[in-house]
Amino acid sequence: MRRLVTLLAIAAFGLCGVAQQQPVPEGIIVQPNQTPLALQLGLDKALYSPGDTLRLTVTLNQESYVYIYNITPDRRVNLLFPNAYQPENLLPAGTHTIPNTRYSFVISPPTGVECIQVLALAAPLPLSALIPPDDSRSSPFPLLSTDPAQFQSMMQQMIVGVVSTTGWAAAWSCFQIAPPQGRLRVLSDPPGALVSINNTVMGQTPLEIQLAPGRYHIKLSRFGYEEWSRTVEIKQDAQITLEARLVLS
């Protein structure tokens with residue numbers, strides 16, 4: 001995950017649902033063919049923007065040791081669970097919401113595709129062999145690796161060394177991180193006016209465009225008509241419609 005920042009027990013990290021029949025991303029461990037453990041991972045949506053909060057659900061068919069890590073767009077692998085706020089990772093059968101009320105997961109840059117991996121095991125992994133000693137003291141969500149493929153190989157060897165191939169289960173999901181967007185719709189009478197946004201021509205009316213939140217200067221121009229302009233404030237997930245009645249020059 002991206003850089004993790006903790007403020008007053010609020011954990012900020014960079015972290016929906018890509019079906020598991022899709023190509024397996026780098027660093028992801030695939031579910032064993034046959035296992036008595038059943039595991040499901042649920043995320044609340046497929047597209048996040050920096051600053052959004054994330055909740056995930058983990059459903060188990062029997063008591064298991066649960067481990068969750070993410071693979072960020074910049075190839076960082078961080079241990080998300082267990083963590084400094086939820087150190088106990090032996091979970092009973094049923095559905096569990098992570099994080100708990102003591103902290104929050106907050107999406108942060110970089111943008112791109114991020115993946116979450118959940119492992120459920122019949123026996124605990126030796127975390128001391130998984131977490132670099134220096135990082136275990138400095139972050140509640142330790143950096144495990146900057147090489148997802150190498151990390152995947154290490155984890156598979158560790159799992160086989162702890163439990164048999166029928167003693168563990170895996171689930172994964174990916175989601176997109178993109179800048180927050182608002183929608184601007186520009187209409188004119190008559191239509192066909194050039195639309196400039198912050199002095200860059202973006203098309204002709206009628207025009208509909210997505211923009212990052214912020215202030216924009218909109219200018220319309222058409223031969224034989226006076227220039228028309230407005231300044232608008234675009235907010236995340238909002239839609240603004242501008243209707244311009246052009247005046248003959």
# chains A, B, ... in the order shown; residues from 1 in each chain; ligands from 1
>>> closest_atom_pairs(of="region 81-155 of chain A", to="region 159-166 of chain A", cutoff="10 Å", atoms="only C-alpha atoms", output="tab-separated table")
residue	atom	partner	partner_atom	distance
A:Leu119	CA	A:Ile159	CA	9.6
A:Leu121	CA	A:Val163	CA	7.4
A:Ala122	CA	A:Val163	CA	6.9
A:Ala123	CA	A:Val163	CA	6.4
A:Pro124	CA	A:Val162	CA	7.5
A:Leu125	CA	A:Val162	CA	6.7
A:Pro126	CA	A:Val162	CA	8.6
A:Met154	CA	A:Ile159	CA	8.7
A:Met155	CA	A:Ile159	CA	6.1
>>> write_last_selection(atoms="N, CA, C and O atoms", output="mmCIF file, in the first residue's frame")
data_model
loop_
_atom_site.group_PDB
_atom_site.id
_atom_site.type_symbol
_atom_site.label_atom_id
_atom_site.label_comp_id
_atom_site.auth_asym_id
_atom_site.auth_seq_id
_atom_site.Cartn_x
_atom_site.Cartn_y
_atom_site.Cartn_z
ATOM 1 N N LEU A 119 -5.614 -14.241 3.470
ATOM 2 C CA LEU A 119 -5.260 -15.644 3.690
ATOM 3 C C LEU A 119 -5.876 -16.099 5.002
ATOM 4 O O LEU A 119 -5.840 -15.368 6.002
ATOM 5 N N LEU A 121 -5.652 -19.425 7.596
ATOM 6 C CA LEU A 121 -4.843 -20.606 7.872
ATOM 7 C C LEU A 121 -5.308 -21.297 9.142
ATOM 8 O O LEU A 121 -5.828 -20.654 10.072
ATOM 9 N N ALA A 122 -5.072 -22.618 9.181
ATOM 10 C CA ALA A 122 -5.401 -23.388 10.372
ATOM 11 C C ALA A 122 -4.376 -23.190 11.478
ATOM 12 O O ALA A 122 -4.648 -23.481 12.642
ATOM 13 N N ALA A 123 -3.194 -22.675 11.118
ATOM 14 C CA ALA A 123 -2.126 -22.434 12.097
ATOM 15 C C ALA A 123 -1.515 -21.072 11.812
ATOM 16 O O ALA A 123 -1.547 -20.598 10.672
ATOM 17 N N PRO A 124 -0.961 -20.396 12.827
ATOM 18 C CA PRO A 124 -0.429 -19.044 12.609
ATOM 19 C C PRO A 124 0.889 -19.057 11.857
ATOM 20 O O PRO A 124 1.685 -20.000 11.955
ATOM 21 N N LEU A 125 1.128 -17.990 11.089
ATOM 22 C CA LEU A 125 2.413 -17.781 10.426
ATOM 23 C C LEU A 125 3.395 -17.126 11.393
ATOM 24 O O LEU A 125 2.987 -16.356 12.267
ATOM 25 N N PRO A 126 4.669 -17.393 11.240
ATOM 26 C CA PRO A 126 5.670 -16.716 12.082
ATOM 27 C C PRO A 126 5.908 -15.286 11.604
ATOM 28 O O PRO A 126 6.733 -15.034 10.724
ATOM 29 N N MET A 154 7.911 -16.213 -1.266
ATOM 30 C CA MET A 154 8.254 -16.377 0.138
ATOM 31 C C MET A 154 7.036 -16.790 0.960
ATOM 32 O O MET A 154 7.111 -17.672 1.815
ATOM 33 N N MET A 155 5.878 -16.163 0.688
ATOM 34 C CA MET A 155 4.667 -16.492 1.435
ATOM 35 C C MET A 155 4.216 -17.917 1.168
ATOM 36 O O MET A 155 3.808 -18.640 2.089
#
>>> select_by_dssp(residues="region 52-143 of chain A", states="strand (DSSP E or B)", output="ChimeraX atom specification")
/A:53-54,56-60,64-71,77-81,90-91,94-98,105-106,112-121,143
>>> closest_residue(among="A:Gln34, A:Thr57, A:Ser229, A:Thr95", to="Ser173 (chain A)", atoms="only C-alpha atoms")
A:Thr57
>>> select_by_dssp(residues="region 71-150 of chain A", states="helix (DSSP H, G or I)", output="CSV table (one decimal) with N, CA and C atoms, in the first residue's frame")
chain,number,residue,atom,x,y,z
A,127,LEU,N,5.2,-14.3,12.2
A,127,LEU,CA,5.3,-13.0,11.7
A,127,LEU,C,6.7,-12.4,11.9
A,128,SER,N,7.4,-12.9,12.8
A,128,SER,CA,8.8,-12.4,13.0
A,128,SER,C,9.7,-12.6,11.8
A,129,ALA,N,9.3,-13.7,11.0
A,129,ALA,CA,10.1,-14.0,9.8
A,129,ALA,C,9.5,-13.2,8.6
A,130,LEU,N,8.4,-12.6,8.8
A,130,LEU,CA,7.7,-12.0,7.7
A,130,LEU,C,7.9,-10.4,7.7
A,133,PRO,N,12.5,-6.2,11.0
A,133,PRO,CA,12.5,-5.7,12.4
A,133,PRO,C,12.4,-4.2,12.5
A,134,ASP,N,13.0,-3.5,11.6
A,134,ASP,CA,13.0,-2.0,11.7
A,134,ASP,C,11.6,-1.5,11.4
A,135,ASP,N,10.9,-2.1,10.4
A,135,ASP,CA,9.6,-1.6,10.1
A,135,ASP,C,8.5,-1.9,11.1
A,136,SER,N,8.7,-3.0,11.8
A,136,SER,CA,7.7,-3.5,12.8
A,136,SER,C,7.5,-2.4,13.9
A,137,ARG,N,8.5,-1.7,14.2
A,137,ARG,CA,8.4,-0.7,15.2
A,137,ARG,C,8.0,0.7,14.7
A,138,SER,N,8.1,1.0,13.5
A,138,SER,CA,7.8,2.3,12.9
A,138,SER,C,6.5,2.5,12.3
A,148,PRO,N,6.6,-7.7,-5.4
A,148,PRO,CA,5.4,-8.6,-5.1
A,148,PRO,C,5.7,-10.0,-5.5
A,149,ALA,N,6.4,-10.3,-6.6
A,149,ALA,CA,6.6,-11.7,-7.1
A,149,ALA,C,7.5,-12.4,-6.1
A,150,GLN,N,8.5,-11.7,-5.6
A,150,GLN,CA,9.4,-12.4,-4.6
A,150,GLN,C,8.6,-12.6,-3.3
>>> residues_around(residues="Asn198 (chain A)", least_positions_apart="3", cutoff="12 Å", atoms="only C-alpha atoms", output="list in words")
Val195, Val201, Met202, Leu211, Gly214, Arg215, Tyr216, His217, Ile218, Lys219, Leu220, Ser229, Arg230, Thr231 and Val232 of chain A
>>> write_last_selection(atoms="N, CA and C atoms", output="PDB file, in the first residue's frame")
ATOM      1  N   VAL A 195     -15.826  25.731 -26.528  1.00  0.00           N
ATOM      2  CA  VAL A 195     -15.764  25.791 -25.070  1.00  0.00           C
ATOM      3  C   VAL A 195     -14.300  25.738 -24.649  1.00  0.00           C
ATOM      4  N   VAL A 201      -9.125  24.927 -25.259  1.00  0.00           N
ATOM      5  CA  VAL A 201     -10.337  24.534 -25.981  1.00  0.00           C
ATOM      6  C   VAL A 201     -10.593  23.048 -25.746  1.00  0.00           C
ATOM      7  N   MET A 202     -11.805  22.726 -25.249  1.00  0.00           N
ATOM      8  CA  MET A 202     -12.143  21.342 -24.895  1.00  0.00           C
ATOM      9  C   MET A 202     -13.198  20.746 -25.818  1.00  0.00           C
ATOM     10  N   LEU A 211     -14.169  16.599 -14.608  1.00  0.00           N
ATOM     11  CA  LEU A 211     -13.068  17.427 -14.147  1.00  0.00           C
ATOM     12  C   LEU A 211     -12.778  17.125 -12.690  1.00  0.00           C
ATOM     13  N   GLY A 214     -12.257  21.707  -8.214  1.00  0.00           N
ATOM     14  CA  GLY A 214     -11.495  22.947  -8.262  1.00  0.00           C
ATOM     15  C   GLY A 214     -12.279  24.041  -8.959  1.00  0.00           C
ATOM     16  N   ARG A 215     -11.655  25.223  -9.102  1.00  0.00           N
ATOM     17  CA  ARG A 215     -12.277  26.367  -9.774  1.00  0.00           C
ATOM     18  C   ARG A 215     -11.828  26.398 -11.241  1.00  0.00           C
ATOM     19  N   TYR A 216     -12.800  26.657 -12.134  1.00  0.00           N
ATOM     20  CA  TYR A 216     -12.516  26.669 -13.564  1.00  0.00           C
ATOM     21  C   TYR A 216     -13.162  27.899 -14.212  1.00  0.00           C
ATOM     22  N   HIS A 217     -12.422  28.497 -15.155  1.00  0.00           N
ATOM     23  CA  HIS A 217     -12.951  29.618 -15.938  1.00  0.00           C
ATOM     24  C   HIS A 217     -13.432  29.061 -17.275  1.00  0.00           C
ATOM     25  N   ILE A 218     -14.722  29.192 -17.530  1.00  0.00           N
ATOM     26  CA  ILE A 218     -15.348  28.648 -18.734  1.00  0.00           C
ATOM     27  C   ILE A 218     -15.632  29.803 -19.695  1.00  0.00           C
ATOM     28  N   LYS A 219     -15.203  29.658 -20.941  1.00  0.00           N
ATOM     29  CA  LYS A 219     -15.425  30.692 -21.952  1.00  0.00           C
ATOM     30  C   LYS A 219     -16.012  30.056 -23.196  1.00  0.00           C
ATOM     31  N   LEU A 220     -17.067  30.686 -23.730  1.00  0.00           N
ATOM     32  CA  LEU A 220     -17.703  30.237 -24.962  1.00  0.00           C
ATOM     33  C   LEU A 220     -17.517  31.296 -26.042  1.00  0.00           C
ATOM     34  N   SER A 229     -18.633  34.100 -20.669  1.00  0.00           N
ATOM     35  CA  SER A 229     -17.716  33.445 -19.724  1.00  0.00           C
ATOM     36  C   SER A 229     -18.344  33.368 -18.337  1.00  0.00           C
ATOM     37  N   ARG A 230     -17.915  32.338 -17.587  1.00  0.00           N
ATOM     38  CA  ARG A 230     -18.313  32.143 -16.192  1.00  0.00           C
ATOM     39  C   ARG A 230     -17.167  31.449 -15.457  1.00  0.00           C
ATOM     40  N   THR A 231     -17.129  31.622 -14.148  1.00  0.00           N
ATOM     41  CA  THR A 231     -16.216  30.853 -13.300  1.00  0.00           C
ATOM     42  C   THR A 231     -17.056  29.934 -12.429  1.00  0.00           C
ATOM     43  N   VAL A 232     -16.691  28.643 -12.395  1.00  0.00           N
ATOM     44  CA  VAL A 232     -17.475  27.666 -11.641  1.00  0.00           C
ATOM     45  C   VAL A 232     -16.581  26.920 -10.671  1.00  0.00           C
TER      46      VAL A 232
END
>>> residues_around(residues="Tyr48 (chain A)", least_positions_apart="3", cutoff="12 Å", atoms="only C-alpha atoms", output="VMD selection string")
chain A and resid 14 to 17 43 to 45 51 to 55 105 to 114 174 to 181 236 to 237
>>> atom_distance(atom1="CA of Phe223 (chain A)", atom2="CA of Ser188 (chain A)")
13.4 Å
>>> atom_distance(atom1="CA of Pro99 (chain A)", atom2="CA of Tyr85 (chain A)")
8.8 Å
>>> atom_distance(atom1="CA of Ser221 (chain A)", atom2="CA of Ser196 (chain A)")
8.3 Å
>>> closest_residue(among="A:Ala244, A:Val66, A:Leu47, A:Met158", to="Ala171 (chain A)", atoms="only C-alpha atoms")
A:Val66
